[in-house]
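*Asks:* So here's data26.cif, just mmCIF, C-alpha atoms:
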```cif
data_query
loop_
_atom_site.label_atom_id
_atom_site.label_comp_id
_atom_site.auth_asym_id
_atom_site.auth_seq_id
_atom_site.Cartn_x
_atom_site.Cartn_y
_atom_site.Cartn_z
CA MET A 199 0.00 0.00 0.00
CA THR A 200 1.23 3.50 -0.82
CA SER A 201 0.48 6.83 0.78
CA SER A 202 -1.63 7.84 -2.24
CA GLU A 203 -4.14 5.05 -1.63
CA THR A 204 -7.18 5.90 0.46
CA LEU A 205 -7.75 3.77 3.55
CA PRO A 206 -11.49 3.55 4.16
CA LEU A 207 -12.86 4.14 7.62
CA SER A 208 -13.95 1.07 9.51
CA GLU A 209 -17.50 0.90 10.84
CA ASP A 210 -16.33 1.95 14.32
CA GLN A 211 -14.18 4.77 12.94
CA GLN A 212 -17.08 6.03 10.83
CA ALA A 213 -19.30 5.98 13.91
CA LEU A 214 -16.65 7.93 15.84
CA GLN A 215 -16.47 10.53 13.06
CA ASP A 216 -20.24 10.86 12.77
CA THR A 217 -20.71 11.15 16.52
CA LEU A 218 -18.08 13.83 16.94
CA ARG A 219 -19.16 15.80 13.87
CA GLY A 220 -22.76 15.78 15.00
CA PHE A 221 -21.80 16.77 18.54
CA LEU A 222 -19.64 19.68 17.38
CA ALA A 223 -22.29 20.85 14.91
CA GLY A 224 -24.82 21.04 17.72
CA GLN A 225 -22.62 22.24 20.58
CA PHE A 226 -19.96 24.26 18.78
CA PRO A 227 -21.38 26.25 15.86
CA PRO A 228 -19.30 29.09 14.36
CA ALA A 229 -20.91 31.60 16.72
CA ALA A 230 -19.71 29.54 19.71
CA LEU A 231 -16.17 29.55 18.33
CA ARG A 232 -16.24 33.33 18.00
CA ALA A 233 -17.56 33.69 21.55
CA ALA A 234 -14.90 31.33 22.96
CA LEU A 235 -12.10 33.25 21.27
CA GLU A 236 -13.16 36.40 23.09
CA THR A 237 -12.77 34.84 26.53
CA ARG A 238 -9.64 34.92 28.66
CA ALA A 239 -9.15 31.15 28.32
CA GLY A 240 -9.76 31.18 24.58
CA TYR A 241 -12.03 28.13 24.76
CA SER A 242 -15.07 26.84 26.64
CA PRO A 243 -14.04 24.82 29.73
CA GLU A 244 -17.55 23.35 29.87
CA LEU A 245 -17.39 22.08 26.30
CA HIS A 246 -13.87 20.80 26.84
CA ALA A 247 -15.03 18.83 29.89
CA ARG A 248 -17.77 17.18 27.83
CA LEU A 249 -15.44 16.32 24.95
CA ALA A 250 -12.75 15.02 27.29
CA GLY A 251 -14.98 13.16 29.73
CA GLU A 252 -18.38 12.44 28.17
CA LEU A 253 -16.97 11.54 24.75
CA GLY A 254 -13.72 10.16 26.17
CA LEU A 255 -11.48 12.05 23.77
CA ALA A 256 -8.76 13.00 26.27
CA GLY A 257 -8.23 9.32 27.01
CA LEU A 258 -8.67 8.08 23.45
CA THR A 259 -5.20 6.51 23.20
CA ILE A 260 -4.56 6.01 26.92
CA PRO A 261 -4.46 2.29 27.80
CA ARG A 262 -7.66 0.84 29.22
CA GLU A 263 -5.94 -0.19 32.43
CA PHE A 264 -5.53 3.52 33.24
CA GLY A 265 -9.09 4.51 32.37
CA GLY A 266 -8.60 5.31 28.68
CA ARG A 267 -10.15 3.86 25.55
CA GLY A 268 -6.97 2.19 24.32
CA LEU A 269 -7.40 3.17 20.67
CA SER A 270 -4.65 3.81 18.11
CA GLN A 271 -3.38 6.80 16.19
CA VAL A 272 -5.72 5.83 13.34
CA GLU A 273 -8.72 6.66 15.51
CA ALA A 274 -6.89 9.70 16.87
CA THR A 275 -6.53 11.13 13.37
CA VAL A 276 -10.28 10.74 12.88
CA VAL A 277 -10.81 12.84 15.99
CA HIS A 278 -8.22 15.47 15.10
CA SER A 279 -9.68 15.82 11.62
CA GLU A 280 -13.08 16.69 13.07
CA LEU A 281 -11.55 19.05 15.63
CA GLY A 282 -9.62 20.74 12.82
CA ARG A 283 -12.75 21.00 10.72
CA ALA A 284 -14.42 22.92 13.57
CA LEU A 285 -11.22 24.83 14.53
CA TYR A 286 -11.72 23.61 18.07
CA PRO A 287 -9.53 25.87 20.27
CA GLY A 288 -9.38 23.85 23.50
CA PRO A 289 -6.43 21.89 24.97
CA LEU A 290 -7.44 18.40 23.81
CA LEU A 291 -4.45 17.94 21.51
CA ALA A 292 -2.06 19.11 24.21
CA THR A 293 -3.53 16.72 26.77
CA MET A 294 -3.48 13.78 24.37
CA LEU A 295 0.20 14.38 23.55
CA ALA A 296 1.08 14.56 27.24
CA GLY A 297 -0.86 11.37 27.86
CA GLY A 298 1.16 9.60 25.20
CA MET A 299 4.43 10.57 26.87
CA LEU A 300 3.16 9.70 30.34
CA ALA A 301 2.11 6.28 29.07
CA THR A 302 5.80 5.49 28.50
CA SER A 303 6.91 6.77 31.91
CA GLU A 304 7.57 4.94 35.15
CA ARG A 305 4.69 3.08 36.78
CA ALA A 306 3.95 5.51 39.61
CA PRO A 307 3.39 8.61 37.42
CA ARG A 308 1.26 6.55 35.04
CA GLU A 309 -0.98 5.28 37.84
CA ARG A 310 -1.40 8.75 39.31
CA TRP A 311 -1.85 10.94 36.25
CA LEU A 312 -3.23 8.90 33.35
CA PRO A 313 -6.66 8.24 34.94
CA LEU A 314 -6.97 11.98 35.66
CA LEU A 315 -6.12 12.86 32.06
CA ALA A 316 -8.47 10.17 30.76
CA ASP A 317 -11.52 11.40 32.68
CA GLY A 318 -10.84 15.03 31.78
CA SER A 319 -10.25 16.28 35.31
CA VAL A 320 -6.66 17.32 34.53
CA ILE A 321 -5.33 19.27 31.55
CA ALA A 322 -1.76 18.61 30.49
CA THR A 323 0.65 19.71 27.81
CA VAL A 324 4.15 19.04 26.47
CA ALA A 325 6.96 21.63 26.48
CA ALA A 326 9.20 20.15 23.79
CA ALA A 327 9.85 22.57 20.92
CA ASP A 328 12.97 24.68 20.59
CA GLU A 329 12.82 28.20 19.19
CA GLY A 330 12.75 26.82 15.65
CA GLY A 331 9.88 24.47 16.47
CA ARG A 332 11.95 21.26 16.45
CA TRP A 333 11.16 18.52 18.96
CA VAL A 334 14.67 17.19 19.66
CA PHE A 335 17.17 16.81 22.45
CA GLY A 336 20.07 19.17 21.82
CA PRO A 337 22.44 21.74 23.28
CA ASP A 338 19.63 24.26 23.77
CA SER A 339 17.27 21.80 25.48
CA VAL A 340 15.90 22.46 28.93
CA ARG A 341 18.59 21.57 31.46
CA ALA A 342 17.84 19.42 34.50
CA GLU A 343 19.94 19.51 37.65
CA ARG A 344 19.62 17.46 40.81
CA ALA A 345 19.38 19.65 43.93
CA SER A 346 18.97 18.93 47.63
CA GLY A 347 15.19 19.19 47.38
CA GLY A 348 14.85 17.27 44.14
CA TRP A 349 15.22 18.07 40.45
CA ARG A 350 15.25 21.62 39.05
CA LEU A 351 14.71 22.71 35.45
CA TYR A 352 16.36 25.59 33.57
CA GLY A 353 15.66 26.91 30.07
CA HIS A 354 12.90 27.83 27.63
CA ARG A 355 10.49 25.95 25.37
CA TRP A 356 8.43 27.51 22.60
CA TYR A 357 5.10 26.67 20.89
CA VAL A 358 3.70 25.01 24.01
CA LEU A 359 0.04 24.29 23.27
CA GLY A 360 -2.46 25.29 25.92
CA ALA A 361 0.14 25.90 28.62
CA HIS A 362 -1.99 28.76 29.99
CA ALA A 363 -4.69 26.22 30.90
CA ALA A 364 -2.51 23.25 31.88
CA ASP A 365 -2.40 21.71 35.35
CA VAL A 366 0.78 19.77 34.58
CA VAL A 367 3.42 19.85 31.85
CA VAL A 368 5.69 17.10 30.52
CA VAL A 369 9.18 18.49 29.89
CA PRO A 370 11.90 16.68 27.92
CA ALA A 371 15.22 17.84 29.37
CA VAL A 372 18.89 16.96 29.40
CA ALA A 373 20.39 15.84 32.70
CA GLU A 374 24.00 15.03 33.46
CA SER A 375 23.30 11.40 32.56
CA GLY A 376 21.63 12.30 29.24
CA PRO A 377 18.06 12.65 27.90
CA ALA A 378 15.27 12.57 30.47
CA MET A 379 11.68 13.68 30.90
CA PHE A 380 10.03 15.37 33.83
CA LEU A 381 6.68 16.51 35.15
CA ALA A 382 6.40 20.12 36.25
CA ASP A 383 3.65 22.32 37.65
CA PRO A 384 3.28 25.37 35.35
CA GLY A 385 2.03 27.37 38.32
CA SER A 386 5.02 26.63 40.52
CA LEU A 387 7.70 29.11 41.55
CA GLY A 388 10.36 29.17 38.85
CA CYS A 389 7.98 28.35 35.98
CA THR A 390 6.65 31.20 33.85
CA VAL A 391 4.08 30.82 31.07
CA SER A 392 3.77 33.67 28.57
CA GLY A 393 1.54 33.98 25.54
CA GLN A 394 3.35 33.68 22.21
CA LEU A 395 2.10 35.96 19.46
CA GLY A 396 1.04 34.19 16.31
CA LEU A 397 -1.22 34.44 13.28
CA ASP A 398 -3.67 31.80 14.48
CA VAL A 399 -6.26 33.27 16.83
CA THR A 400 -7.97 29.88 17.35
CA ARG A 401 -5.03 28.23 19.14
CA ARG A 402 -3.19 29.56 22.18
CA VAL A 403 0.54 28.78 22.17
CA CYS A 404 2.95 29.82 24.88
CA VAL A 405 6.58 30.24 25.76
CA THR A 406 7.42 28.37 28.94
CA ALA A 407 10.46 29.46 30.96
CA PHE A 408 12.04 27.37 33.71
CA ASP A 409 14.31 28.96 36.30
CA ALA A 410 15.06 26.41 39.02
CA ALA A 411 11.53 25.09 38.56
CA PRO A 412 10.86 21.96 40.67
CA ALA A 413 10.19 18.81 38.67
CA LEU A 414 9.63 15.08 39.02
CA LEU A 415 11.77 12.68 36.98
CA ILE A 416 9.50 10.22 35.11
CA GLY A 417 11.86 8.64 32.59
CA GLU A 418 15.39 8.82 31.27
CA GLY A 419 17.79 7.48 28.67
CA GLU A 420 16.31 5.54 25.76
CA VAL A 421 12.84 5.72 27.31
CA ALA A 422 12.91 9.53 27.21
CA THR A 423 14.33 9.62 23.69
CA ALA A 424 11.68 7.22 22.39
CA ALA A 425 8.91 9.13 24.19
CA LEU A 426 9.93 12.42 22.57
CA GLU A 427 10.15 10.83 19.13
CA GLN A 428 6.69 9.33 19.60
CA ALA A 429 5.26 12.65 20.80
CA GLU A 430 6.63 14.45 17.77
CA ARG A 431 5.23 11.80 15.44
CA ASP A 432 1.82 11.94 17.11
CA PHE A 433 1.86 15.74 16.91
CA LEU A 434 2.68 15.66 13.19
CA LEU A 435 -0.13 13.19 12.56
CA ALA A 436 -2.56 15.32 14.55
CA THR A 437 -1.75 18.55 12.70
CA ALA A 438 -1.92 16.75 9.34
CA ALA A 439 -5.34 15.40 10.29
CA GLU A 440 -6.43 18.88 11.41
CA ALA A 441 -5.38 20.17 8.00
CA ALA A 442 -7.48 17.50 6.29
CA GLY A 443 -10.45 18.59 8.38
CA GLY A 444 -9.87 22.25 7.56
CA ILE A 445 -9.59 21.47 3.86
CA GLY A 446 -12.83 19.51 4.13
CA TRP A 447 -14.53 22.60 5.58
CA CYS A 448 -13.17 24.70 2.71
CA LEU A 449 -14.51 22.14 0.23
CA ASP A 450 -18.01 22.29 1.69
CA ALA A 451 -17.91 26.11 1.76
CA ALA A 452 -16.71 26.24 -1.85
CA ILE A 453 -19.45 23.86 -3.01
CA ALA A 454 -22.09 25.96 -1.23
CA TYR A 455 -20.64 29.07 -2.87
CA ALA A 456 -20.70 27.39 -6.29
CA GLU A 457 -24.37 26.51 -5.82
CA ASP A 458 -25.12 30.15 -4.96
CA ARG A 459 -23.29 31.35 -8.06
CA GLU A 460 -25.39 29.00 -10.16
CA GLN A 461 -28.58 30.12 -8.45
CA PHE A 462 -27.92 33.79 -9.16
CA ALA A 463 -27.11 33.10 -12.83
CA GLN A 464 -23.51 34.29 -12.90
CA THR A 465 -21.60 34.04 -16.18
CA ILE A 466 -20.61 30.59 -17.39
CA GLY A 467 -16.93 31.49 -17.16
CA ALA A 468 -17.21 32.61 -13.57
CA PHE A 469 -19.16 29.51 -12.58
CA GLN A 470 -16.64 27.23 -14.29
CA ALA A 471 -13.82 28.92 -12.36
CA VAL A 472 -15.61 28.24 -9.09
CA ALA A 473 -16.32 24.65 -10.14
CA GLN A 474 -12.64 24.11 -10.98
CA ALA A 475 -11.64 25.48 -7.59
CA CYS A 476 -13.94 22.90 -5.97
CA VAL A 477 -12.29 20.12 -7.99
CA ASP A 478 -8.82 21.30 -6.91
CA ILE A 479 -9.84 21.46 -3.24
CA LEU A 480 -11.36 17.98 -3.47
CA ALA A 481 -8.08 16.63 -4.90
CA ALA A 482 -6.12 18.25 -2.05
CA PHE A 483 -8.52 16.83 0.52
CA GLN A 484 -8.16 13.31 -0.86
CA GLU A 485 -4.37 13.52 -1.02
CA VAL A 486 -3.94 14.86 2.50
CA SER A 487 -6.46 12.42 3.97
CA ALA A 488 -4.76 9.47 2.29
CA ALA A 489 -1.25 10.50 3.37
CA THR A 490 -2.40 11.08 6.94
CA ARG A 491 -4.27 7.79 7.28
CA TYR A 492 -1.37 5.90 5.72
CA ALA A 493 1.06 7.42 8.22
CA ALA A 494 -1.32 6.78 11.13
CA ALA A 495 -1.68 3.13 10.12
CA GLY A 496 2.10 2.82 10.05
CA ALA A 497 2.34 4.35 13.50
CA ALA A 498 -0.32 1.96 14.85
CA GLU A 499 1.61 -1.00 13.45
CA GLY A 500 4.94 0.27 14.77
CA GLY A 501 6.53 0.30 11.33
CA ALA A 502 10.16 1.34 10.87
CA GLU A 503 9.15 4.13 8.49
CA ALA A 504 6.41 5.54 10.74
CA ALA A 505 8.34 8.68 11.69
CA LYS A 506 9.27 9.47 8.09
CA ALA A 507 5.68 8.87 6.94
CA ALA A 508 4.46 11.32 9.59
CA HIS A 509 6.83 13.99 8.26
CA VAL A 510 5.63 13.28 4.70
CA ALA A 511 2.01 13.65 5.80
CA ALA A 512 2.76 16.87 7.69
CA LEU A 513 4.66 18.35 4.75
CA ARG A 514 1.93 17.54 2.23
CA ALA A 515 -0.80 18.68 4.59
CA GLY A 516 0.89 21.99 5.36
CA GLU A 517 1.50 22.86 1.73
CA ALA A 518 -1.99 21.80 0.64
CA TYR A 519 -3.76 23.57 3.53
CA ARG A 520 -2.00 26.85 2.79
CA ALA A 521 -2.79 26.60 -0.93
CA VAL A 522 -6.43 25.69 -0.36
CA THR A 523 -7.15 28.45 2.15
CA GLU A 524 -5.43 31.04 -0.01
CA SER A 525 -7.53 29.89 -2.96
CA ALA A 526 -10.67 29.99 -0.83
CA VAL A 527 -9.99 33.56 0.29
CA HIS A 528 -9.73 34.64 -3.36
CA LEU A 529 -12.72 32.50 -4.32
CA PHE A 530 -15.01 34.28 -1.88
CA GLY A 531 -13.79 37.70 -3.04
CA GLY A 532 -13.50 40.53 -0.55
CA ASN A 533 -15.68 38.65 1.93
CA GLY A 534 -12.91 36.11 2.44
CA LEU A 535 -10.74 38.64 4.25
CA ALA A 536 -13.53 40.06 6.39
CA TRP A 537 -13.68 39.13 10.07
CA GLU A 538 -17.28 38.08 9.60
CA HIS A 539 -16.29 35.27 7.18
CA ASP A 540 -14.84 32.15 8.80
CA VAL A 541 -12.46 31.33 5.95
CA HIS A 542 -9.84 33.75 7.22
CA LEU A 543 -9.67 31.76 10.48
CA TYR A 544 -8.76 28.65 8.49
CA TYR A 545 -6.24 30.70 6.49
CA ARG A 546 -4.58 31.79 9.74
CA ARG A 547 -4.54 28.23 11.10
CA ALA A 548 -3.02 26.88 7.87
CA TRP A 549 -0.16 29.37 7.81
CA SER A 550 0.73 28.97 11.47
CA ALA A 551 0.15 25.26 12.16
CA GLU A 552 3.10 23.87 10.23
CA ARG A 553 5.49 26.19 12.08
CA LEU A 554 4.68 24.48 15.36
CA ALA A 555 6.94 21.53 14.46
CA GLY A 556 9.77 23.21 12.59
CA GLY A 557 8.19 24.10 9.27
CA PRO A 558 8.55 22.58 5.78
CA GLN A 559 12.34 22.46 5.76
CA ALA A 560 12.43 20.47 9.00
CA HIS A 561 10.13 17.91 7.40
CA ARG A 562 12.27 17.73 4.25
CA ASP A 563 15.40 17.23 6.35
CA ALA A 564 13.75 14.41 8.29
CA ILE A 565 12.48 12.76 5.11
CA SER A 566 15.84 12.89 3.35
CA GLY A 567 17.68 11.62 6.46
CA PRO A 568 21.19 12.45 7.63
CA VAL A 569 23.72 13.38 4.99
CA ASP A 570 26.88 11.28 4.96
CA PRO A 571 30.07 13.32 5.45
#
```
Step by step, read the file and then write its structure as structure tokens.
*Replies:*
Amino acid sequence: MTSSETLPLSEDQQALQDTLRGFLAGQFPPAALRAALETRAGYSPELHARLAGELGLAGLTIPREFGGRGLSQVEATVVHSELGRALYPGPLLATMLAGGMLATSERAPRERWLPLLADGSVIATVAAADEGGRWVFGPDSVRAERASGGWRLYGHRWYVLGAHAADVVVVPAVAESGPAMFLADPGSLGCTVSGQLGLDVTRRVCVTAFDAAPALLIGEGEVATAALEQAERDFLLATAAEAAGGIGWCLDAAIAYAEDREQFAQTIGAFQAVAQACVDILAAFQEVSAATRYAAAGAAEGGAEAAKAAHVAALRAGEAYRAVTESAVHLFGGNGLAWEHDVHLYYRRAWSAERLAGGPQAHRDAISGPVDP
């Protein structure tokens, strides 16, 4: 099977998609998104609690023994596609990524925190990206030092999703012994969370600074390295799926616009241009959906090429999402740039989302692999 082949949804996956789409259509219409963006939190805590707890989305991939649903990244991409379609602004993605890292940690942190994440009573995030958006251990990683009262963290992480709302944060850091990962309280003395300016108004990202911030060691060595690699892969899959959902919204909006143009008897040439735009958006939607589902299936199977496939999906999704939203803005004329029209929100998301994990060049570098000296 190649990444250009479409993997059909199973009956259970289709039911998951239909349930979530119907729920969001009823509980989170465009007006609710606009209202949430105006609040201090930037999302509705009540809606988040229902999505996380009632629908079980926060614990979607958390093992059943810890209160989760024990599903794979294939089902997770179904969820992220629907959340991306609705531009859901809450901290579900952040919590799911943190849950994935905690699931690889030592037994005690798993037993304490995973059930709380799974039932939605705790919000978590991951502080992993360097200033360029890359999720790697390196010389500029957060530094961990052992002190008399326990571990302390020093350094900065960028593009931290939902840190302003998080109760706990997973922090990959470098200790004297090598790579490690820690749990920190973002409200503790020595930890500062600041909003990071960006184009996307539907997603809050933060800079997190650690200055002798207390932390709990939850994994080290190969365990920490593998956990960070998995978190990056899961993040790439999630943002690619969100792009597929956003492109799907653009497709539906373009089709509705084409029907209006036909209704009001516009010129044949103008209608054909709109129809061609719909065809192009449909092609982009199919390509991104196929690449994302292919990569998610590889991740679920633990394939050797899973990480590279995730970068391929993220690269294709980012390029296609930007092209589609730019086309949609032009398609809808001057209305596309007006605050009252939702398309500009998708345009903003498309242009900012791929920067959260290093941008197109980071994906190309990962796909091509290391260059021999």
*Asks:* How far is it from CA of Tyr492 (chain A) to CA of Val272 (chain A), in Å with one decimal?
*Replies:* 8.8 Å
*Asks:* If you measure from CA of Val403 (chain A) to CA of Val367 (chain A), what distance in Å do you get, rounded to one decimal?
*Replies:*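 Separation between CA of Val403 (chain A) and CA of Val367 (chain A): 13.5 Å.
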*Asks:* Counting all atoms listed in the file, figure out which residue out of A:Leu543, A:Leu214, A:Ala422, A:Ala371 gets nearest to Pro287 (chain A).
*Replies:*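 Counting all atoms listed in the file, the residue closest to Pro287 (chain A) is A:Leu543.
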*Asks:* Run through the PyMOL selection byres ((chain A and resi 369) around 10) on the given coordinates and return the selected residues as a VMD selection string.
*Replies:* chain A and resid 296 299 323 to 327 339 to 340 342 351 355 366 to 368 370 to 372 378 to 382 413 to 416 426
*Asks:* What would the list of residues within 10 Å of (-0.2, 3.5, 8.8) (file frame) look like as a ChimeraX atom specification, if all atoms listed in the file are what count?
*Replies:* /A:199-201,205,271-272,488-501,503-504,507-508
*Asks:* Hey, which of A:Gln212, A:Ala256, A:Leu245, A:Asp328 ends up closest to Gly224 (chain A)? Count all atoms listed in the file.
*Replies:*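 Closest to Gly224 (chain A) of all the choices is A:Leu245.
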*Asks:* Report as an NGL selection string all protein, DNA and RNA residues lying within 10 Å of Gly297 (chain A), evaluated on all atoms listed in the file, omitting residues in the same chain fewer than 6 positions from it.
*Replies:* :A and (256-261 or 266 or 291 or 303 or 308 or 311-316 or 321-324 or 368 or 429)
*Asks:* Rounded to one decimal in Å, what is the spacing between CA of Arg547 (chain A) and CA of Leu397 (chain A)?
*Replies:*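 Interatomic distance, CA of Arg547 (chain A) to CA of Leu397 (chain A): 7.4 Å.
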